[in-house]
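Peer 1: Questions regarding the structure given below will be posed in turn.
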Amino acid sequence: MPFIIPANTLAADGGYQVDNSCRFDDGSSAYMHRTPSAGNRRTMTLSVWIKGSSLADGSNNVLGQYNSSNANNAMLLVIEDAGKIMVWNYTTSAYTMDIRTNRLLRDNSAWYHIVVAVDTTQSTASNRVKVYVNGVQETSFSNETYPSQNLDLFLNQGVAQNIGTQRYGSTVGSPFDGYMAEFCFIDGTQNAVTDFGEFDEDSGIWKPIDVSGLTFGTNGYYLDFEDSSALGNDVSGNDNDFTTVNLAAVDQSTDTCTNNFATVSPLVVIGNTGQTYADGNLTFNASSTNWTATNSTIGASSGKWYAEFKVVTLASSTGYGHVGITGTEGITAGNFVSTDANSVGVTLDYRGSGQTYLYSAGSSVQVAGVAFSAGAIMGIAVDMDNKKFYLSQNGTYLTVGGSVGNPGSGSTGTGSLAIPSGIETFLFAVGGYSTSFKGTWNFGSPAYAISSSNADGNDYGNFEYAVPSGYYSLNTKNLAEYG
């Protein structure tokens, strides 16, 4: 289904708020590591919120420890192929703990809260490892091998502990791809899931609570990712800080479990396959020989919305692409802006001609009059109340029909393109032909450095150029108010 509203974050307005997450990109093998002292290897708890970019594609390792030869290791949490949650302990040649859920985490638009609570001293085997997703204990498993009573796990000893990858010796593999928030590790306690979250009284949605008052134990830590210069900073009071690898200040994100921002969806493939995604599903790289397109995970049927798209590469003759909006109604395959009646936007270097055209309802309106070369940032202002679409280049709105675009012109629509009547709910969209076309969306939590920070009227978002008055970044808080 192309239009997704992440239900587990829509009603997180009240109560405790999470300001930041950390964005991990598997293409850059981003991770964190720390070598702890000897801790409690029988009793521990992990709590983390994740929004995976490719949960059903390869293994996404969250937390684990390996020895240098990979003969002994433990993963307290990995999302393995197809999206299963897996918790394991491996010694020499056999799993001494192997828990795998039947539940599959596949929604790349949603935040999930996962708790793994371990106490191998328990007399009842099933109490030794408890796995929770969004406040509910998992009871259905495809594999259910519990550790023997009083087993010392490989985890939580004086060996490098890694967040976001499996790592032994110089080998780094199976990196996590996506976002993590509120990362807590408790040394010496099997915590209840209610130590980390609660159900909203009105909506019944699981949401985070303040964990700063918990007892974390000697090797415990709490990473809130609020210091962009030190994303591995432990704020538990223990100063068990992690060293970051291939993570920078720009990897601090405001896309969190209490305010979920739009990304583009790799689950939606319009046309041909072969496109790739990076930077938390914000960067889109077209396929090599065929048209392909996708759209945002969140959309709206009313209100006024703003996003930016930065062109990364656009090679003449081969790197042409389309950027704009489409509707949830009747999406068609192919080069969507120039063929889909329910679309509006811009074609870049159309068919290798070097020209850039503006389209609405599948028909060319005019030549854009500007060239969106590599590095250019286009601003997209979508007025769903008046069905008007405005486009800017590097902060200057394009001239349409002889008038400079004015997103504040309301029903007059000065310098706008018409949003087709068939679009009742819009989604931001991107498509292209050839891997020479590549670009990155900024829905308010950019994956690239911003030189001039601009927020919307609710103080959400971080944009290169000013957000038009009355327009908002596409996230669940704004959507609940204006969408």
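Starting from 1 in every chain, residues are counted up; chains themselves are A, B, ... following the order of the structure tokens, and ligands are numbered from 1 as listed.
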Using the chain letters and numbers from this document, which residues of segment 41-145 of chain A does DSSP assign to helix (DSSP H, G or I), as a list in words?
Peer 2: Asp81, Ala82, Gly83, Ala125, Ser126 and Asn127 of chain A
Peer 1: From a backbone DSSP assignment, name each residue in segment 79-196 of chain A labelled strand (DSSP E or B), as a PyMOL selection string.
Peer 2: chain A and resi 79+84-91+94-104+112-119+129-133+136-137+141-145+161-163+166-168+171-173+178-187
Peer 1: At what distance in Å, to one decimal, does atom CA of Leu398 of chain A lie from atom CA of Tyr472 of chain A?
Peer 2: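 Distance between the two atoms: 20.0 Å.
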Peer 1: Determine the nearest neighbour of Thr289 of chain A from the options A:Asn462, A:Thr96, A:Asn162, A:Ser436, counting only C-alpha atoms.
Peer 2: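 The shortest atom-to-atom distance to Thr289 of chain A comes from A:Ser436.
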Peer 1: What's around Pro446 of chain A at 8 Å? Count only C-alpha atoms, leave out sequence neighbours fewer than 5 positions away in its own chain, and write the answer as a list of chain:residue names.
Peer 2: A:Val250, A:Ser253, A:Trp441, A:Asn462, A:Phe463
Peer 1: A:Cys184, A:Ala381, A:Ala447, A:Leu474: which is nearest Gly280 of chain A, counting only C-alpha atoms?
Peer 2: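 Using only C-alpha atoms, the shortest distance to Gly280 of chain A belongs to A:Ala447.
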Peer 1: Could the residues of segment 385-458 of chain A that have an atom at most 7 Å from segment 309-322 of chain A be listed as a tab-separated table, each with its closest atom pair and the distance in Å to one decimal, counting only C-alpha atoms and ordered by chain and ascending residue number?
Peer 2:
residue	atom	partner	partner_atom	distance
A:Val430	CA	A:His322	CA	5.7
A:Gly431	CA	A:His322	CA	5.0
A:Gly432	CA	A:Gly321	CA	3.8
A:Tyr433	CA	A:Tyr320	CA	5.9
A:Ser434	CA	A:Gly319	CA	5.5
A:Thr435	CA	A:Gly319	CA	6.8
A:Ser436	CA	A:Gly319	CA	4.3
A:Phe437	CA	A:Gly319	CA	4.3
A:Lys438	CA	A:Thr313	CA	5.1
A:Gly439	CA	A:Val311	CA	4.4
A:Thr440	CA	A:Lys310	CA	5.2
A:Trp441	CA	A:Phe309	CA	4.5
A:Asn442	CA	A:Phe309	CA	6.0
Peer 1: Check which residues of segment 115-140 of chain A sit at most 12 Å from segment 66-82 of chain A using only C-alpha atoms, and return one row each with the closest pair of atoms and their distance in Å to one decimal, ordered by chain and rising number, as JSON lines.
Peer 2:
{"residue": "A:Val115", "atom": "CA", "partner": "A:Leu77", "partner_atom": "CA", "distance": 9.0}
{"residue": "A:Val116", "atom": "CA", "partner": "A:Leu76", "partner_atom": "CA", "distance": 7.1}
{"residue": "A:Ala117", "atom": "CA", "partner": "A:Leu76", "partner_atom": "CA", "distance": 9.2}
{"residue": "A:Val118", "atom": "CA", "partner": "A:Leu76", "partner_atom": "CA", "distance": 9.1}
{"residue": "A:Val129", "atom": "CA", "partner": "A:Leu76", "partner_atom": "CA", "distance": 10.0}
{"residue": "A:Lys130", "atom": "CA", "partner": "A:Leu76", "partner_atom": "CA", "distance": 11.2}
{"residue": "A:Val131", "atom": "CA", "partner": "A:Leu77", "partner_atom": "CA", "distance": 9.6}
{"residue": "A:Tyr132", "atom": "CA", "partner": "A:Leu77", "partner_atom": "CA", "distance": 11.5}
Peer 1: Create the file for the chosen residues now, containing C-alpha atoms and written as a PDB file, in the first residue's frame.
Peer 2:
ATOM      1  CA  VAL A 115      12.780  -4.596  24.932  1.00  0.00           C
ATOM      2  CA  VAL A 116      14.893  -7.698  25.549  1.00  0.00           C
ATOM      3  CA  ALA A 117      14.970  -8.618  29.254  1.00  0.00           C
ATOM      4  CA  VAL A 118      17.298 -11.453  30.318  1.00  0.00           C
ATOM      5  CA  VAL A 129      14.462 -14.213  28.012  1.00  0.00           C
ATOM      6  CA  LYS A 130      11.505 -11.910  27.461  1.00  0.00           C
ATOM      7  CA  VAL A 131      11.005  -9.968  24.245  1.00  0.00           C
ATOM      8  CA  TYR A 132       8.528  -7.104  23.959  1.00  0.00           C
TER       9      TYR A 132
END
